[in-house]
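Report on the structure given below.
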Protein chains: 2
Amino acid sequence: MNAPAPLILLVEDEPQMRRFLRVSLEGSGYRYLEAATGQEGLALAAQHRPEAILLDLGLPDMDGLDLVARLREWSQTPVIVISARGQESDKVAALDAGADDYLTKPFGTRELLARVRVALRHAGPEAEEPVFVLDRWRVDLAKRQVLVDGREVHLTPLEYSLFTTLIRHAGKVVTHRQLLKEVWGGAAGAQPLYLRVYMTQLRHKLEEEPSRPKYLQTEPGVGYRLFTES
Amino acid sequence: MNAPAPLILLVEDEPQMRRFLRVSLEGSGYRYLEAATGQEGLALAAQHRPEAILLDLGLPDMDGLDLVARLREWSQTPVIVISARGQESDKVAALDAGADDYLTKPFGTRELLARVRVALRHAGPEAEEPVFVLDRWRVDLAKRQVLVDGREVHLTPLEYSLFTTLIRHAGKVVTHRQLLKEVWGGAAGAQPLYLRVYMTQLRHKLEEEPSRPKYLQTEPGVGYRLFTES
DNA sequence: AGGGGGTGTTAAGAAGTCGTTAGGAAATGG
DNA sequence: CCATTTCCTAACGACTTCTTAACACCCCCT
């Protein structure tokens with residue numbers, strides 16, 4: 001349902017500034033990586049494919065602009081340059097080297113985060129649709145749509161929730177207790193009887209022979225499972 | 001072989017600043033358009049599809065942030081905001097409203113041009129017509145115009161917002177919560193009842209058989225969706 | 001062969017949600 | 001300032017979904 005938090009790479013050698021950036025990003029729920037040198041930064045970028053890069057110029061081992069140029073050989077990841085130098089020529093050089101933004105120290109946390117959001121917005125909506133396909137079934141989790149043989153089948157909220165819970169644990173047995181908890185919520189009152197009723201309904205809507213289920217299988221005394229061949 | 005020079009739209013009411021920007025852009029070989037008001041700016045943007053927009057806040061007729069929001073309803077064209085106000089909160093507000101960069105006056109020509117180059121770099125491959133077509137419906141997002149069988153149908157602001165929200169998520173189920181948030185704004189007080197009333201109105205204005213909607217479908221207990229045949 | 005636990009099936013009432021209408025409040029535009 | 005449009009709210013019938021109960025079934029065990 002919810003995508004993981006965007007990953008951001010910090011390339012910064014100064015411990016103090018690094019701490020500041022780390023706290024800012026962490027407080028906003030981003031995942032982050034750190035590199036203290038240009039080499040390390042490039043390696044981490046290649047290895048983890050962050051969704052944005054914060055780059056402080058003035059690294060010990062290589063020129064920041066070279067880093068951007070090297071990165072741009074294979075990646076379009078947005079780069080926000082951070083620098084103490086506010087000269088116009090510095091900004092122009094960095095932006096023309098391939099950086100996407102240029103922030104001059106000192107700057108505020110809120111502006112930094114706003115510019116990070118812009119960068120992430122640019123990173124593009126690379127949202128591949130989570131679609132579960134099994135034999136004649138096609139379940140589009142994003143659209144909340146279930147197709148059987150290309151024909152749409154309507155599921156009620158509980159039916160859909162039960163079905164997607166089984167899909168999430170496809171192939172594995174899910175216990176009665178776990179199903180009741182995930183579908184009906186931890187609250188009390190949920191009875192194993194519900195499962196039998198709704199499994200029946202699901203089978204009638206989805207299985208070819210509801211009385212001889214091929215995929216929505218019972219694991220007697222334990223729970224149910226969605227059988228995925230082999 | 002060689003594409004025409006990128007087209008840039010200036011939205012600026014101050015004659016002096018306009019002259020400065022014009023000279024800067026012209027000297028770099030860009031084509032440009034000028035607008036002195038927000039209304040004119042929106043119209044020109046819709047008509048000529050510039051590849052980037054330079055927007056001065058503090059226009060006479062409308063708030064600059066509203067202009068960005070209106071533009072973002074149908075276009076992803078990069079917007080560089082220019083402002084005399086350097087407050088961090090101003091920058092954050094503009095960037096979060098959809099702007100891509102924020103320049104505080106005074107600024108140098110070379111930095112401006114460098115940031116324009118960044119913006120043009122971002123400007124992706126040819127945006128398609130900002131028109132949504134489905135069966136007998138034709139919605140021009142730029143003109144805010146809805147046609148049914150070629151006949152214009154008038155929608156109130158809320159109706160239009162609700163409709164375009166469904167269009168933006170065409171095919172997907174949009175939950176009550178999400179619709180209320182996107183159409184009525186995150187603020188409190190929005191009730192699911194609103195949705196029922198406005199969906200009824202939309203169906204009467206847009207559907208052939210309002211009581212048997214073909215496209216504006218209800219997903220009981222979950223939300224609504226704009227049905228686009230699989 | 002006869003229980004008995006767990007399971008499948010069906011149906012009907014209860015609970016909740018939705019569609020529709022209309023009228024008054026609020027905002028808009030001249 | 002008034003006319004018009006738009007928005008909010010309440011009420012109620014119609015519909016969908018959920019819960020619950022009753023009963024049939026099947027396999028295993030003694």
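Numbering starts fresh at 1 for the residues of each chain in the structure tokens, the chains themselves are lettered A, B, ... in the order given, and ligands are numbered from 1 as they appear.
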- Query: Do you know which residues are at most 12 Å from Glu40 in chain B counting only C-alpha atoms (C1' of nucleotides), after dropping those on the same chain fewer than 2 positions away, and could you put them as a ChimeraX atom specification?
  - Reply: /B:9-13,33-38,42-48,59-62,67
Would you mind listing, as a PDB file with N, CA, C and O atoms, in the first residue's frame, all residues of chain B that have at least one atom within 7 Å of chain A, where only C-alpha atoms are what counts?
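For reference, out.pdb as written:
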ATOM      1  N   GLU B  88      12.261  32.488   4.287  1.00  0.00           N
ATOM      2  CA  GLU B  88      12.266  31.049   4.066  1.00  0.00           C
ATOM      3  C   GLU B  88      10.846  30.538   3.836  1.00  0.00           C
ATOM      4  O   GLU B  88      10.601  29.695   2.974  1.00  0.00           O
ATOM      5  N   LYS B  91       9.731  30.915   0.303  1.00  0.00           N
ATOM      6  CA  LYS B  91      10.327  29.937  -0.607  1.00  0.00           C
ATOM      7  C   LYS B  91       9.634  28.585  -0.479  1.00  0.00           C
ATOM      8  O   LYS B  91       9.262  27.953  -1.475  1.00  0.00           O
ATOM      9  N   VAL B  92       9.451  28.163   0.758  1.00  0.00           N
ATOM     10  CA  VAL B  92       8.835  26.853   0.991  1.00  0.00           C
ATOM     11  C   VAL B  92       7.434  26.811   0.393  1.00  0.00           C
ATOM     12  O   VAL B  92       7.055  25.853  -0.279  1.00  0.00           O
ATOM     13  N   LEU B  95       7.693  26.614  -3.477  1.00  0.00           N
ATOM     14  CA  LEU B  95       8.189  25.325  -3.952  1.00  0.00           C
ATOM     15  C   LEU B  95       7.145  24.236  -3.736  1.00  0.00           C
ATOM     16  O   LEU B  95       6.947  23.367  -4.586  1.00  0.00           O
ATOM     17  N   ASP B  96       6.474  24.288  -2.596  1.00  0.00           N
ATOM     18  CA  ASP B  96       5.472  23.259  -2.319  1.00  0.00           C
ATOM     19  C   ASP B  96       4.213  23.451  -3.160  1.00  0.00           C
ATOM     20  O   ASP B  96       3.439  22.512  -3.365  1.00  0.00           O
ATOM     21  N   ASP B 100       9.466  25.078  -9.316  1.00  0.00           N
ATOM     22  CA  ASP B 100      10.648  24.222  -9.393  1.00  0.00           C
ATOM     23  C   ASP B 100      11.901  24.896  -8.872  1.00  0.00           C
ATOM     24  O   ASP B 100      12.877  24.248  -8.553  1.00  0.00           O
ATOM     25  N   ARG B 110      23.734  35.586 -15.124  1.00  0.00           N
ATOM     26  CA  ARG B 110      24.338  34.292 -15.401  1.00  0.00           C
ATOM     27  C   ARG B 110      23.713  33.193 -14.543  1.00  0.00           C
ATOM     28  O   ARG B 110      23.492  32.069 -15.013  1.00  0.00           O
ATOM     29  N   GLU B 111      23.412  33.535 -13.286  1.00  0.00           N
ATOM     30  CA  GLU B 111      22.748  32.524 -12.462  1.00  0.00           C
ATOM     31  C   GLU B 111      21.347  32.241 -13.002  1.00  0.00           C
ATOM     32  O   GLU B 111      20.931  31.085 -13.116  1.00  0.00           O
ATOM     33  N   ALA B 114      21.616  30.035 -15.935  1.00  0.00           N
ATOM     34  CA  ALA B 114      22.002  28.671 -15.554  1.00  0.00           C
ATOM     35  C   ALA B 114      20.790  27.918 -15.018  1.00  0.00           C
ATOM     36  O   ALA B 114      20.571  26.736 -15.324  1.00  0.00           O
ATOM     37  N   VAL B 118      18.813  24.531 -16.355  1.00  0.00           N
ATOM     38  CA  VAL B 118      18.420  23.371 -15.540  1.00  0.00           C
ATOM     39  C   VAL B 118      16.954  23.056 -15.781  1.00  0.00           C
ATOM     40  O   VAL B 118      16.568  21.899 -15.994  1.00  0.00           O
ATOM     41  N   GLY B 171      -9.599   5.108 -13.434  1.00  0.00           N
ATOM     42  CA  GLY B 171      -9.502   3.657 -13.388  1.00  0.00           C
ATOM     43  C   GLY B 171      -9.301   3.129 -11.982  1.00  0.00           C
ATOM     44  O   GLY B 171      -9.661   2.000 -11.689  1.00  0.00           O
ATOM     45  N   LYS B 172      -8.737   3.970 -11.113  1.00  0.00           N
ATOM     46  CA  LYS B 172      -8.481   3.518  -9.747  1.00  0.00           C
ATOM     47  C   LYS B 172      -9.616   3.928  -8.818  1.00  0.00           C
ATOM     48  O   LYS B 172     -10.267   4.950  -9.026  1.00  0.00           O
ATOM     49  N   VAL B 173      -9.800   3.124  -7.787  1.00  0.00           N
ATOM     50  CA  VAL B 173     -10.741   3.517  -6.760  1.00  0.00           C
ATOM     51  C   VAL B 173     -10.096   4.602  -5.909  1.00  0.00           C
ATOM     52  O   VAL B 173      -8.955   4.461  -5.489  1.00  0.00           O
ATOM     53  N   GLY B 221     -18.651   1.338   0.447  1.00  0.00           N
ATOM     54  CA  GLY B 221     -17.831   1.219   1.635  1.00  0.00           C
ATOM     55  C   GLY B 221     -16.395   1.651   1.448  1.00  0.00           C
ATOM     56  O   GLY B 221     -15.618   1.655   2.397  1.00  0.00           O
TER      57      GLY B 221
END
Counting only C-alpha atoms (C1' of nucleotides), which residues of chain C fall within 10 Å of chain A, and what is the closest atom pair for each with its distance in Å at one decimal, ordered by chain and rising number, as CSV?
residue,atom,partner,partner_atom,distance
C:DG5,C1',A:Gly221,CA,9.8
C:DG6,C1',A:Gly221,CA,7.1
C:DT7,C1',A:Arg196,CA,7.3
C:DG8,C1',A:Thr200,CA,7.0
C:DT9,C1',A:Thr200,CA,7.6
C:DT10,C1',A:Val197,CA,9.8
- Task: Write out as a PyMOL selection string the residues lying within 9 Å of DT28 in chain C, counting only C-alpha atoms (C1' of nucleotides) and excluding same-chain residues fewer than 4 positions away.
- Result: chain D and resi 4-6
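Over all paired C-alpha atoms, chain B superimposes on chain A with an RMSD of 17.4 Å.
We find CA of Ser161 in chain B and CA of Glu128 in chain B to be spaced 21.1 Å apart.
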- Message: Distance cut-off 12 Å, counting only C-alpha atoms (C1' of nucleotides) - which residues of chain D neighbour chain B? Return them as number ranges by chain.
- Response: D: 5-10, 15-18
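Taking CA of Gln39 in chain A as the reference point, CA of Glu51 in chain A is found at 18.5 Å.
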- Query: Which residues in range 139-209 of chain B does DSSP call helix (DSSP H, G or I)? List them as JSON, numbers by chain.
  - Reply: {"B": [157, 158, 159, 160, 161, 162, 163, 164, 165, 166, 167, 168, 176, 177, 178, 179, 180, 181, 182, 183, 184, 192, 193, 194, 195, 196, 197, 198, 199, 200, 201, 202, 203, 204, 205, 206]}
Write the selection just made, keeping N, CA and C atoms, as a tab-separated table (two decimals), in the first residue's frame?
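Okay, result33.tsv is ready:
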chain	number	residue	atom	x	y	z
B	157	PRO	N	-17.14	25.03	-9.32
B	157	PRO	CA	-15.75	24.77	-8.92
B	157	PRO	C	-15.57	23.44	-8.18
B	158	LEU	N	-16.44	23.14	-7.24
B	158	LEU	CA	-16.29	21.90	-6.50
B	158	LEU	C	-16.57	20.69	-7.38
B	159	GLU	N	-17.58	20.80	-8.20
B	159	GLU	CA	-17.88	19.69	-9.11
B	159	GLU	C	-16.68	19.42	-10.02
B	160	TYR	N	-16.11	20.50	-10.54
B	160	TYR	CA	-14.97	20.36	-11.44
B	160	TYR	C	-13.78	19.73	-10.72
B	161	SER	N	-13.54	20.20	-9.52
B	161	SER	CA	-12.41	19.68	-8.76
B	161	SER	C	-12.59	18.19	-8.45
B	162	LEU	N	-13.81	17.85	-8.08
B	162	LEU	CA	-14.10	16.43	-7.79
B	162	LEU	C	-13.90	15.58	-9.05
B	163	PHE	N	-14.40	16.10	-10.14
B	163	PHE	CA	-14.32	15.36	-11.40
B	163	PHE	C	-12.86	15.18	-11.83
B	164	THR	N	-12.09	16.26	-11.79
B	164	THR	CA	-10.69	16.15	-12.23
B	164	THR	C	-9.86	15.29	-11.28
B	165	THR	N	-10.26	15.27	-10.03
B	165	THR	CA	-9.55	14.38	-9.11
B	165	THR	C	-9.78	12.94	-9.51
B	166	LEU	N	-11.00	12.61	-9.87
B	166	LEU	CA	-11.27	11.25	-10.34
B	166	LEU	C	-10.54	10.98	-11.65
B	167	ILE	N	-10.48	11.99	-12.51
B	167	ILE	CA	-9.77	11.82	-13.78
B	167	ILE	C	-8.29	11.54	-13.54
B	168	ARG	N	-7.73	12.29	-12.59
B	168	ARG	CA	-6.30	12.12	-12.30
B	168	ARG	C	-6.00	10.69	-11.86
B	176	HIS	N	-13.03	7.71	0.00
B	176	HIS	CA	-13.74	8.89	0.48
B	176	HIS	C	-12.75	9.87	1.11
B	177	ARG	N	-11.89	9.34	1.95
B	177	ARG	CA	-10.95	10.18	2.66
B	177	ARG	C	-10.08	10.98	1.69
B	178	GLN	N	-9.58	10.27	0.68
B	178	GLN	CA	-8.68	10.92	-0.27
B	178	GLN	C	-9.41	12.01	-1.07
B	179	LEU	N	-10.61	11.71	-1.49
B	179	LEU	CA	-11.38	12.69	-2.24
B	179	LEU	C	-11.65	13.92	-1.39
B	180	LEU	N	-12.06	13.70	-0.17
B	180	LEU	CA	-12.35	14.83	0.70
B	180	LEU	C	-11.10	15.67	0.92
B	181	LYS	N	-9.97	15.01	1.04
B	181	LYS	CA	-8.72	15.74	1.27
B	181	LYS	C	-8.33	16.55	0.03
B	182	GLU	N	-8.43	15.92	-1.13
B	182	GLU	CA	-7.96	16.59	-2.34
B	182	GLU	C	-8.92	17.67	-2.83
B	183	VAL	N	-10.20	17.48	-2.60
B	183	VAL	CA	-11.17	18.44	-3.13
B	183	VAL	C	-11.49	19.53	-2.11
B	184	TRP	N	-11.68	19.14	-0.86
B	184	TRP	CA	-12.06	20.12	0.15
B	184	TRP	C	-10.86	20.64	0.92
B	192	PRO	N	-18.42	12.83	4.44
B	192	PRO	CA	-18.71	11.94	3.32
B	192	PRO	C	-20.03	12.30	2.64
B	193	LEU	N	-20.91	12.96	3.39
B	193	LEU	CA	-22.19	13.36	2.81
B	193	LEU	C	-21.98	14.25	1.59
B	194	TYR	N	-20.97	15.15	1.67
B	194	TYR	CA	-20.69	16.04	0.54
B	194	TYR	C	-20.50	15.24	-0.74
B	195	LEU	N	-19.74	14.16	-0.60
B	195	LEU	CA	-19.43	13.36	-1.77
B	195	LEU	C	-20.70	12.83	-2.42
B	196	ARG	N	-21.60	12.35	-1.59
B	196	ARG	CA	-22.83	11.79	-2.16
B	196	ARG	C	-23.59	12.84	-2.93
B	197	VAL	N	-23.68	14.03	-2.33
B	197	VAL	CA	-24.42	15.10	-3.01
B	197	VAL	C	-23.76	15.48	-4.33
B	198	TYR	N	-22.46	15.66	-4.31
B	198	TYR	CA	-21.79	16.12	-5.53
B	198	TYR	C	-21.66	15.04	-6.58
B	199	MET	N	-21.56	13.80	-6.13
B	199	MET	CA	-21.55	12.72	-7.11
B	199	MET	C	-22.89	12.67	-7.82
B	200	THR	N	-23.95	12.86	-7.08
B	200	THR	CA	-25.28	12.89	-7.70
B	200	THR	C	-25.34	13.98	-8.76
B	201	GLN	N	-24.84	15.16	-8.40
B	201	GLN	CA	-24.90	16.26	-9.35
B	201	GLN	C	-24.05	15.99	-10.58
B	202	LEU	N	-22.85	15.47	-10.35
B	202	LEU	CA	-22.00	15.14	-11.49
B	202	LEU	C	-22.68	14.13	-12.40
B	203	ARG	N	-23.28	13.13	-11.80
B	203	ARG	CA	-23.91	12.10	-12.62
B	203	ARG	C	-25.07	12.69	-13.43
B	204	HIS	N	-25.79	13.62	-12.84
B	204	HIS	CA	-26.89	14.22	-13.59
B	204	HIS	C	-26.39	15.09	-14.72
B	205	LYS	N	-25.21	15.67	-14.54
B	205	LYS	CA	-24.70	16.54	-15.60
B	205	LYS	C	-23.94	15.75	-16.67
B	206	LEU	N	-23.39	14.61	-16.28
B	206	LEU	CA	-22.47	13.94	-17.20
B	206	LEU	C	-22.95	12.58	-17.70
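All residues in range 105-230 of chain B with a DSSP state of strand (DSSP E or B), computed from the backbone, read Val131, Phe132, Val133, Leu134, Trp137, Arg138, Val139, Asp140, Gln145, Val146, Leu147, Val148, Arg151, Glu152, Val153, Val173, Val174, Thr175, Leu216, Gln217, Thr218, Glu219, Gly223, Tyr224, Arg225 and Leu226 of chain B.
Note that CA of Asp56 in chain A and CA of Ile82 in chain A are 4.6 Å apart.
Among C:DG29, C:DG24, C:DC18, C:DG2, the residue with the shortest atom-to-atom distance to DC12 in chain D, counting only C-alpha atoms (C1' of nucleotides), is C:DC18.
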